[in-house]
>>> print(open('structure.cif').read())   # mmCIF, C-alpha atoms
data_my_file
loop_
_atom_site.label_atom_id
_atom_site.label_comp_id
_atom_site.auth_asym_id
_atom_site.auth_seq_id
_atom_site.Cartn_x
_atom_site.Cartn_y
_atom_site.Cartn_z
CA MET A 1 125.87 81.40 -112.97
CA GLU A 2 123.82 79.11 -115.14
CA ARG A 3 121.64 80.16 -118.03
CA ILE A 4 118.37 79.28 -116.29
CA GLN A 5 119.34 81.46 -113.32
CA ILE A 6 119.93 84.44 -115.56
CA ILE A 7 116.62 83.91 -117.35
CA ALA A 8 114.78 83.57 -114.01
CA ILE A 9 116.39 86.72 -112.61
CA ILE A 10 115.62 88.76 -115.72
CA GLY A 11 112.04 87.45 -115.73
CA SER A 12 111.55 88.33 -112.06
CA LEU A 13 113.04 91.79 -112.52
CA CYS A 14 110.76 92.46 -115.50
CA PHE A 15 107.78 91.38 -113.39
CA LEU A 16 108.91 93.64 -110.54
CA GLY A 17 109.31 96.51 -112.98
CA TYR A 18 105.82 95.94 -114.37
CA VAL A 19 104.27 95.90 -110.87
CA MET A 20 106.05 99.12 -109.93
CA TRP A 21 104.97 100.77 -113.17
CA GLN A 22 101.33 99.89 -112.41
CA ILE A 23 101.67 101.39 -108.92
CA LYS A 24 103.21 104.52 -110.39
CA LYS A 25 100.29 104.89 -112.80
CA GLY A 26 97.97 104.53 -109.81
CA LYS A 27 96.26 101.46 -111.25
CA LEU A 28 97.32 99.08 -108.50
CA ARG A 29 96.68 99.85 -104.88
CA GLU A 30 99.71 99.59 -102.61
CA GLU A 31 98.10 96.99 -100.34
CA TYR A 32 97.84 94.61 -103.31
CA ALA A 33 101.23 95.65 -104.70
CA PHE A 34 102.85 94.59 -101.45
CA ILE A 35 102.09 90.91 -101.95
CA TRP A 36 103.32 91.01 -105.57
CA ILE A 37 106.56 92.74 -104.68
CA LEU A 38 107.09 90.24 -101.87
CA SER A 39 106.59 87.22 -104.14
CA THR A 40 108.87 88.70 -106.82
CA PHE A 41 111.50 89.22 -104.12
CA VAL A 42 111.22 85.55 -103.08
CA LEU A 43 111.61 84.50 -106.73
CA ILE A 44 114.76 86.59 -107.16
CA VAL A 45 116.28 85.21 -103.95
CA LEU A 46 115.56 81.64 -105.04
CA SER A 47 117.08 82.21 -108.51
CA VAL A 48 120.28 83.80 -107.17
CA TRP A 49 120.81 81.49 -104.25
CA ARG A 50 119.98 78.07 -105.67
CA ASN A 51 120.81 76.07 -102.54
CA ALA A 52 118.23 77.96 -100.51
CA LEU A 53 115.39 75.74 -101.70
CA GLU A 54 117.28 72.57 -100.82
CA ILE A 55 118.19 73.83 -97.36
CA LEU A 56 114.59 74.84 -96.72
CA ALA A 57 113.27 71.50 -98.01
CA HIS A 58 115.60 69.59 -95.71
CA SER A 59 114.61 71.62 -92.69
CA PHE A 60 110.90 70.92 -93.43
CA GLY A 61 111.65 67.26 -94.05
CA VAL A 62 110.54 67.38 -97.69
CA ILE A 63 112.44 64.86 -99.84
CA ALA A 64 112.09 66.51 -103.28
CA PRO A 65 112.78 70.28 -102.97
CA PRO A 66 110.55 71.38 -105.89
CA ASN A 67 107.56 69.88 -104.04
CA LEU A 68 108.06 72.39 -101.25
CA LEU A 69 108.05 75.17 -103.81
CA PHE A 70 104.81 73.93 -105.42
CA ALA A 71 103.08 73.32 -102.10
CA GLY A 72 104.16 76.73 -100.80
CA ALA A 73 103.15 78.54 -103.97
CA LEU A 74 99.76 76.78 -104.13
CA PHE A 75 99.04 77.60 -100.53
CA ALA A 76 99.95 81.26 -101.01
CA VAL A 77 97.74 81.47 -104.11
CA LEU A 78 94.80 79.90 -102.27
CA ILE A 79 95.08 82.36 -99.41
CA TYR A 80 95.31 85.24 -101.83
CA LEU A 81 92.24 83.99 -103.73
CA LEU A 82 90.28 83.81 -100.50
CA HIS A 83 91.32 87.35 -99.74
CA LEU A 84 90.09 88.44 -103.18
CA SER A 85 86.74 86.66 -102.66
CA LEU A 86 86.31 88.51 -99.38
CA THR A 87 87.15 91.79 -101.09
CA VAL A 88 84.65 91.11 -103.89
CA SER A 89 81.93 90.26 -101.35
CA LYS A 90 82.55 93.51 -99.52
CA LEU A 91 82.56 95.50 -102.76
CA GLN A 92 79.31 93.85 -103.82
CA TYR A 93 77.66 94.85 -100.56
CA GLU A 94 78.90 98.42 -100.88
CA ASN A 95 77.88 98.55 -104.52
CA LYS A 96 74.38 97.37 -103.64
CA THR A 97 74.01 99.99 -100.92
CA LEU A 98 75.13 102.73 -103.31
CA ALA A 99 72.75 101.59 -106.06
CA GLN A 100 69.83 101.57 -103.62
CA GLU A 101 70.70 104.98 -102.28
CA LEU A 102 70.90 106.28 -105.85
CA ALA A 103 67.47 104.86 -106.76
CA LEU A 104 65.92 106.42 -103.65
CA LEU A 105 67.50 109.81 -104.36
CA LYS A 106 66.47 109.75 -108.03
CA GLN A 107 62.91 109.06 -106.96
CA LYS A 108 62.97 112.15 -104.74
CA ILE A 109 64.15 114.31 -107.64
CA ASP A 110 61.66 112.75 -110.08
CA LYS A 111 58.82 113.42 -107.68
CA LYS A 112 59.72 117.12 -107.57
CA GLU A 113 59.95 117.32 -111.36
CA LYS A 114 56.61 115.63 -111.86
CA VAL A 115 54.70 118.15 -109.72
CA MET B 1 71.47 108.57 -91.09
CA VAL B 2 69.57 111.78 -90.39
CA ASN B 3 66.73 110.66 -92.58
CA TYR B 4 66.62 107.27 -90.91
CA PHE B 5 66.44 108.79 -87.46
CA ASN B 6 63.71 111.26 -88.35
CA ALA B 7 61.62 108.57 -89.98
CA ASN B 8 61.85 106.53 -86.84
CA LYS B 9 60.82 109.40 -84.63
CA GLU B 10 57.97 110.25 -86.92
CA SER B 11 56.64 106.72 -86.76
CA ILE B 12 56.68 106.58 -82.97
CA PHE B 13 54.70 109.79 -83.00
CA LYS B 14 52.28 108.37 -85.53
CA ASN B 15 51.79 105.06 -83.77
CA SER B 16 51.09 106.63 -80.42
CA ILE B 17 48.72 109.38 -81.51
CA PHE B 18 47.15 108.54 -84.83
CA SER B 19 46.43 104.88 -84.28
CA ALA B 20 44.39 105.85 -81.28
CA MET B 21 42.33 108.11 -83.56
CA ASN B 22 41.77 105.21 -85.93
CA GLN B 23 43.61 106.91 -88.76
CA THR B 24 44.15 105.36 -92.15
CA ILE B 25 46.77 102.63 -92.17
CA ARG B 26 49.45 103.32 -94.77
CA VAL B 27 50.88 100.31 -96.53
CA ALA B 28 53.72 100.37 -99.06
CA VAL B 29 53.15 97.64 -101.64
CA ILE B 30 56.62 96.74 -102.88
CA ILE B 31 56.58 95.32 -106.40
CA PRO B 32 60.01 94.16 -107.57
CA ALA B 33 60.01 94.19 -111.37
CA TYR B 34 62.55 92.77 -113.78
CA ASN B 35 61.36 92.77 -117.41
CA GLU B 36 57.69 92.89 -116.44
CA GLU B 37 56.39 95.24 -119.13
CA ALA B 38 53.54 92.83 -119.93
CA SER B 39 52.04 92.70 -116.46
CA ILE B 40 53.26 95.62 -114.35
CA ALA B 41 50.51 98.09 -115.34
CA SER B 42 47.71 95.69 -114.40
CA VAL B 43 49.41 94.82 -111.11
CA VAL B 44 49.61 98.51 -110.16
CA THR B 45 45.96 99.01 -111.17
CA ALA B 46 44.94 96.01 -109.04
CA VAL B 47 46.79 97.47 -106.04
CA HIS B 48 44.88 100.75 -106.37
CA ALA B 49 41.62 98.80 -106.67
CA ALA B 50 42.34 96.99 -103.38
CA SER B 51 43.05 100.30 -101.58
CA SER B 52 40.33 101.68 -99.31
CA ASP B 53 39.71 104.48 -96.80
CA SER B 54 40.81 102.38 -93.83
CA ILE B 55 43.84 100.86 -95.50
CA GLN B 56 45.66 102.96 -98.04
CA LEU B 57 47.92 101.06 -100.43
CA THR B 58 50.81 102.82 -102.18
CA PRO B 59 52.40 100.84 -105.00
CA VAL B 60 56.21 101.07 -104.86
CA VAL B 61 57.63 99.58 -108.05
CA VAL B 62 61.32 98.71 -107.87
CA ASN B 63 62.63 98.36 -111.40
CA ASP B 64 65.68 96.12 -111.12
CA CYS B 65 67.43 97.54 -114.20
CA SER B 66 65.01 95.92 -116.66
CA LYS B 67 66.08 95.59 -120.28
CA ASP B 68 62.55 96.09 -121.65
CA SER B 69 60.31 99.17 -121.36
CA THR B 70 59.39 98.63 -117.68
CA LYS B 71 61.06 101.93 -116.75
CA GLU B 72 59.00 103.97 -119.24
CA ILE B 73 55.78 102.18 -118.28
CA ILE B 74 56.12 102.76 -114.54
CA TRP B 75 56.97 106.43 -115.17
CA SER B 76 53.48 106.90 -116.61
CA LEU B 77 51.75 104.92 -113.85
CA ASN B 78 50.42 106.28 -110.58
CA CYS B 79 53.06 104.70 -108.36
CA VAL B 80 56.36 105.34 -106.63
CA ALA B 81 59.01 104.42 -109.20
CA LEU B 82 62.41 103.33 -107.92
CA ASN B 83 64.83 102.63 -110.77
CA LEU B 84 67.97 100.76 -109.81
CA PRO B 85 70.99 101.70 -111.96
CA ILE B 86 72.35 98.13 -111.83
CA ASN B 87 70.68 94.75 -111.49
CA LEU B 88 70.73 93.73 -107.83
CA GLY B 89 68.58 90.60 -107.90
CA ILE B 90 65.23 90.12 -106.18
CA GLY B 91 66.58 90.55 -102.64
CA GLY B 92 68.37 93.82 -103.37
CA ALA B 93 65.29 95.15 -105.16
CA VAL B 94 62.93 94.27 -102.32
CA GLN B 95 65.33 95.80 -99.79
CA THR B 96 65.26 99.05 -101.77
CA GLY B 97 61.48 99.06 -101.36
CA ILE B 98 61.79 98.30 -97.65
CA LYS B 99 64.21 101.23 -97.25
CA TYR B 100 61.75 103.51 -99.05
CA ALA B 101 58.85 102.34 -96.87
CA PHE B 102 60.81 102.75 -93.65
CA ASP B 103 62.24 106.18 -94.53
CA ASN B 104 58.81 107.47 -95.55
CA GLY B 105 57.04 106.40 -92.38
CA PHE B 106 54.76 103.68 -93.73
CA ASP B 107 53.06 101.57 -91.05
CA PHE B 108 53.52 98.35 -92.97
CA CYS B 109 55.02 97.15 -96.18
CA VAL B 110 54.07 94.13 -98.21
CA GLN B 111 55.84 92.50 -101.11
CA ILE B 112 53.94 91.23 -104.11
CA ASP B 113 55.33 89.87 -107.36
CA GLY B 114 55.39 91.98 -110.51
CA ASP B 115 54.06 89.13 -112.64
CA GLY B 116 50.57 89.11 -111.15
CA GLN B 117 50.89 85.95 -109.05
CA HIS B 118 49.75 87.66 -105.87
CA PRO B 119 46.25 89.18 -105.88
CA PRO B 120 46.36 92.50 -103.98
CA GLN B 121 42.88 91.99 -102.49
CA PHE B 122 44.56 89.71 -99.92
CA ILE B 123 46.71 92.58 -98.60
CA PRO B 124 44.01 93.84 -96.16
CA VAL B 125 43.54 90.23 -95.02
CA LEU B 126 47.26 89.92 -94.26
CA GLU B 127 47.17 93.21 -92.37
CA LYS B 128 44.17 92.14 -90.27
CA GLU B 129 45.76 88.80 -89.37
CA LEU B 130 49.12 90.42 -88.59
CA VAL B 131 47.56 92.86 -86.15
CA ALA B 132 45.09 90.37 -84.64
CA ASN B 133 47.77 87.77 -83.91
CA GLY B 134 50.46 90.24 -82.81
CA TRP B 135 52.81 89.07 -85.54
CA ASP B 136 55.73 91.02 -86.97
CA VAL B 137 55.46 89.29 -90.34
CA ALA B 138 52.44 87.77 -92.09
CA ILE B 139 53.13 85.33 -94.93
CA GLY B 140 50.61 84.54 -97.64
CA SER B 141 50.52 80.78 -98.16
CA ARG B 142 49.11 78.73 -101.05
CA TYR B 143 49.26 75.48 -99.15
CA ILE B 144 47.07 75.97 -96.11
CA GLU B 145 43.74 75.78 -97.92
CA LYS B 146 45.36 74.15 -100.96
CA GLU B 147 43.32 76.28 -103.33
CA GLY B 148 44.25 78.31 -106.38
CA PHE B 149 47.49 77.86 -108.32
CA GLN B 150 49.50 75.12 -106.63
CA SER B 151 52.67 75.15 -108.78
CA THR B 152 54.34 72.06 -110.24
CA PHE B 153 55.08 68.78 -108.47
CA MET B 154 58.84 69.40 -108.39
CA ARG B 155 58.37 72.78 -106.80
CA ARG B 156 55.96 71.50 -104.19
CA THR B 157 58.52 68.82 -103.31
CA GLY B 158 61.21 71.48 -102.93
CA ILE B 159 58.94 73.58 -100.74
CA GLN B 160 58.17 70.54 -98.56
CA TYR B 161 61.90 69.99 -98.16
CA PHE B 162 62.29 73.58 -96.92
CA GLN B 163 59.33 73.06 -94.61
CA PHE B 164 61.13 70.07 -93.09
CA LEU B 165 64.46 71.92 -92.84
CA LEU B 166 62.89 75.00 -91.24
CA LYS B 167 60.93 72.92 -88.77
CA LEU B 168 64.14 71.11 -87.84
CA ILE B 169 66.03 74.35 -87.23
CA THR B 170 63.41 76.75 -85.90
CA GLY B 171 60.59 74.48 -84.77
CA GLU B 172 58.14 76.61 -86.77
CA ASN B 173 55.87 75.06 -89.35
CA VAL B 174 55.89 77.12 -92.55
CA THR B 175 53.94 75.52 -95.39
CA ASP B 176 54.96 78.05 -98.06
CA SER B 177 58.47 79.22 -97.22
CA THR B 178 59.18 80.46 -100.75
CA SER B 179 56.14 82.72 -100.84
CA GLY B 180 57.19 86.26 -101.62
CA MET B 181 53.87 87.69 -100.47
CA ARG B 182 54.78 88.98 -97.05
CA MET B 183 53.61 91.84 -94.92
CA MET B 184 55.87 93.29 -92.26
CA ASN B 185 55.70 95.95 -89.56
CA ARG B 186 58.27 98.68 -88.92
CA LYS B 187 60.22 96.56 -86.46
CA THR B 188 60.86 94.03 -89.23
CA MET B 189 61.59 96.74 -91.80
CA LYS B 190 64.25 98.17 -89.51
CA LEU B 191 65.88 94.76 -89.18
CA LEU B 192 65.88 94.09 -92.94
CA TYR B 193 67.12 97.63 -93.63
CA ALA B 194 70.50 96.47 -92.35
CA TYR B 195 70.62 93.05 -93.98
CA TYR B 196 68.54 91.21 -96.54
CA PRO B 197 69.83 88.35 -98.72
CA ASP B 198 70.40 89.11 -102.43
CA GLU B 199 69.35 85.88 -104.09
CA TYR B 200 66.35 83.73 -103.20
CA PRO B 201 65.80 85.61 -99.95
CA GLU B 202 62.45 84.16 -98.83
CA PRO B 203 63.37 80.96 -96.91
CA GLU B 204 66.51 82.56 -95.47
CA ALA B 205 64.55 85.57 -94.23
CA LEU B 206 62.44 83.24 -92.07
CA ILE B 207 65.58 82.21 -90.19
CA ILE B 208 66.51 85.88 -89.77
CA TYR B 209 63.07 86.55 -88.23
CA ASN B 210 63.39 83.52 -85.99
CA ARG B 211 66.90 84.39 -84.81
CA ASN B 212 65.86 87.97 -84.03
CA GLY B 213 62.83 86.96 -82.05
CA LEU B 214 60.22 88.22 -84.53
CA LYS B 215 56.86 86.51 -84.61
CA PHE B 216 55.48 85.35 -87.91
CA GLY B 217 52.58 83.31 -89.19
CA GLU B 218 50.89 82.24 -92.35
CA VAL B 219 47.61 83.37 -93.85
CA PRO B 220 45.85 81.36 -96.57
CA VAL B 221 45.78 83.19 -99.90
CA LEU B 222 44.95 82.30 -103.47
CA MET B 223 47.69 82.77 -106.01
CA ASN B 224 47.50 82.96 -109.78
CA GLU B 225 49.73 81.59 -112.44
CA ARG B 226 52.18 84.21 -113.66
CA MET B 227 50.79 86.51 -116.37
CA GLY B 228 54.07 87.13 -118.14
CA GLY B 229 57.79 86.51 -117.80
CA GLN B 230 59.54 83.31 -116.77
CA SER B 231 60.61 81.94 -113.40
CA SER B 232 64.28 82.34 -112.64
CA ILE B 233 64.26 78.94 -110.94
CA ARG B 234 64.32 76.20 -113.57
CA GLY B 235 66.63 73.42 -114.80
CA LEU B 236 70.07 73.57 -113.24
CA GLY B 237 69.01 76.78 -111.54
CA ALA B 238 66.66 74.71 -109.38
CA VAL B 239 69.55 72.55 -108.16
CA TYR B 240 71.58 75.65 -107.38
CA TYR B 241 68.56 77.15 -105.62
CA MET B 242 68.15 74.15 -103.31
CA PHE B 243 71.85 74.08 -102.55
CA LYS B 244 72.22 77.82 -101.99
CA VAL B 245 69.16 78.10 -99.78
CA THR B 246 70.17 75.09 -97.66
CA ILE B 247 73.63 76.58 -97.09
CA ALA B 248 72.13 80.01 -96.40
CA ILE B 249 69.61 78.61 -93.90
CA ILE B 250 72.28 76.74 -91.96
CA PHE B 251 74.75 79.63 -91.90
CA THR B 252 72.15 82.24 -91.07
CA TYR B 253 71.12 80.02 -88.16
CA LEU B 254 74.74 79.81 -86.96
CA ARG B 255 75.45 83.52 -87.44
CA GLN B 256 73.90 85.14 -84.39
#
>>> encode(input="structure.cif", output="structure tokens")
Amino acid sequence: MERIQIIAIIGSLCFLGYVMWQIKKGKLREEYAFIWILSTFVLIVLSVWRNALEILAHSFGVIAPPNLLFAGALFAVLIYLLHLSLTVSKLQYENKTLAQELALLKQKIDKKEKV
Amino acid sequence: MVNYFNANKESIFKNSIFSAMNQTIRVAVIIPAYNEEASIASVVTAVHAASSDSIQLTPVVVNDCSKDSTKEIIWSLNCVALNLPINLGIGGAVQTGIKYAFDNGFDFCVQIDGDGQHPPQFIPVLEKELVANGWDVAIGSRYIEKEGFQSTFMRRTGIQYFQFLLKLITGENVTDSTSGMRMMNRKTMKLLYAYYPDEYPEPEALIIYNRNGLKFGEVPVLMNERMGGQSSIRGLGAVYYMFKVTIAIIFTYLRQ
């Protein structure tokens, strides 16, 4: 095993450990943790089995194997960002509804106190 | 949900019985306010002055988490004070007022600006025109009679662009699509209860009315220059405004 492989595996394992620790603390929801665990798993597989990338690249017809990795990673990140934008939009809508409800309820209480 | 349902029932009851008895028309005057400490008191006073026996105006001030003393000022005024805990933007603030008006059985609600641009004495005029023409929404326009404050050249150009865009999409001719001075009936309130745009809602709302088969028309009004505060639409903001509203108009049209 080459040095870079060992570094990559240790790095990926540390990342995996960090993600799991965040889940354990309850700071990261499982639905988001899933995608991080999955990508860490892919990283570990690629570091252990170095030929995998070349085999994949050949089957897709990509000449330089790292290009497949970059294209794949970029695509995954874009999709994930879109997902986050959708989540933020939904949260914003829910937040707005809650704030409005709160203002209306406060007014009802204030009105009673004023009388 | 319970509240919503009751309010609806109550209004049907009111419309069928009381309107026949020529009862007072109750109008909620929604005043969205963000850092309007300089002008809000005089706006509320002007609303009360425009109120009469036949048309009773209730000022509903929606304080959009102002950083100045707007909250303390409206507490001492004779008005319904709705204080938002976070800043929602003009659309979210107006929608809060619409929810209040709908839940509390008001016959109509009308939006006027907190900076004194919209004189409340035109509210009864809007109401009369809305009922006489069978509209669901009456819009106060500066550009029919071309009197009073006409805004800057750049803004008029922008408004003419929206006029063109709206005519292209809906076939309706709206001379003042950015006017916030709008009166609506309960049918419209119910529609906007569910969805109202957050930012720059006025032109987009016209498409929502059009797509939902609501009738609207314009009424000539005189507007003033703002008494205090600063417009949110200036500089680069104006470019963003044009872009955002164009996108919103097209997508709102495609939505339903």
>>> residues_near_point(input="structure.cif", point="(69.5, 77.5, -105.6)", cutoff="12 Å", atoms="all atoms listed in the file", output="CSV table (one decimal) with C-alpha atoms, keeping the file's coordinate frame")
chain,number,residue,atom,x,y,z
B,158,GLY,CA,61.2,71.5,-102.9
B,162,PHE,CA,62.3,73.6,-96.9
B,178,THR,CA,59.2,80.5,-100.8
B,199,GLU,CA,69.4,85.9,-104.1
B,200,TYR,CA,66.4,83.7,-103.2
B,201,PRO,CA,65.8,85.6,-100.0
B,202,GLU,CA,62.4,84.2,-98.8
B,203,PRO,CA,63.4,81.0,-96.9
B,204,GLU,CA,66.5,82.6,-95.5
B,232,SER,CA,64.3,82.3,-112.6
B,233,ILE,CA,64.3,78.9,-110.9
B,234,ARG,CA,64.3,76.2,-113.6
B,235,GLY,CA,66.6,73.4,-114.8
B,236,LEU,CA,70.1,73.6,-113.2
B,237,GLY,CA,69.0,76.8,-111.5
B,238,ALA,CA,66.7,74.7,-109.4
B,239,VAL,CA,69.6,72.6,-108.2
B,240,TYR,CA,71.6,75.6,-107.4
B,241,TYR,CA,68.6,77.2,-105.6
B,242,MET,CA,68.2,74.2,-103.3
B,243,PHE,CA,71.8,74.1,-102.6
B,244,LYS,CA,72.2,77.8,-102.0
B,245,VAL,CA,69.2,78.1,-99.8
B,246,THR,CA,70.2,75.1,-97.7
B,247,ILE,CA,73.6,76.6,-97.1
B,248,ALA,CA,72.1,80.0,-96.4
B,249,ILE,CA,69.6,78.6,-93.9
>>> residues_around(input="structure.cif", residues="stretch 41-53 of chain A", least_positions_apart="6", cutoff="10 Å", atoms="only C-alpha atoms", output="MDAnalysis selection string")
chainID A and resid 1:2 4:13 16 35 59 64:66 68:69
>>> atom_distance(input="structure.cif", atom1="atom CA of A:Val19", atom2="atom CA of A:Ile37")
7.3 Å
>>> closest_atom_pairs(input="structure.cif", of="chain A", to="chain B", cutoff="10 Å", atoms="only C-alpha atoms", output="CSV")
residue,atom,partner,partner_atom,distance
A:Gln92,CA,B:Leu88,CA,9.5
A:Tyr93,CA,B:Asp198,CA,9.4
A:Asn95,CA,B:Ile86,CA,9.2
A:Lys96,CA,B:Leu88,CA,6.6
A:Thr97,CA,B:Gly92,CA,8.7
A:Leu98,CA,B:Pro85,CA,9.6
A:Ala99,CA,B:Leu84,CA,6.1
A:Gln100,CA,B:Thr96,CA,5.5
A:Glu101,CA,B:Thr96,CA,8.1
A:Leu102,CA,B:Leu84,CA,7.4
A:Ala103,CA,B:Leu84,CA,5.1
A:Leu104,CA,B:Leu82,CA,6.3
A:Leu105,CA,B:Leu82,CA,9.0
A:Lys106,CA,B:Leu82,CA,7.6
A:Gln107,CA,B:Leu82,CA,5.8
A:Lys108,CA,B:Leu82,CA,9.4
A:Asp110,CA,B:Ala81,CA,8.8
A:Lys111,CA,B:Val80,CA,8.5
A:Lys114,CA,B:Trp75,CA,9.8
>>> atom_distance(input="structure.cif", atom1="atom CA of B:Asp68", atom2="atom CA of B:Asp113")
17.2 Å
>>> closest_residue(input="structure.cif", among="B:Asn78, B:Asn35, B:Asn104, B:Gln117", to="B:Gly148", atoms="only C-alpha atoms")
B:Gln117
>>> closest_residue(input="structure.cif", among="B:Cys109, B:Ile123, B:Ile55, B:Ile207", to="B:Lys187", atoms="only C-alpha atoms")
B:Cys109
>>> atom_distance(input="structure.cif", atom1="atom CA of B:Ser141", atom2="atom CA of B:Asp176")
5.2 Å
>>> residues_around(input="structure.cif", residues="B:Ile73", least_positions_apart="2", cutoff="10 Å", atoms="all atoms listed in the file", output="PyMOL selection string")
chain B and resi 36-38+40-41+68-71+75-77+81
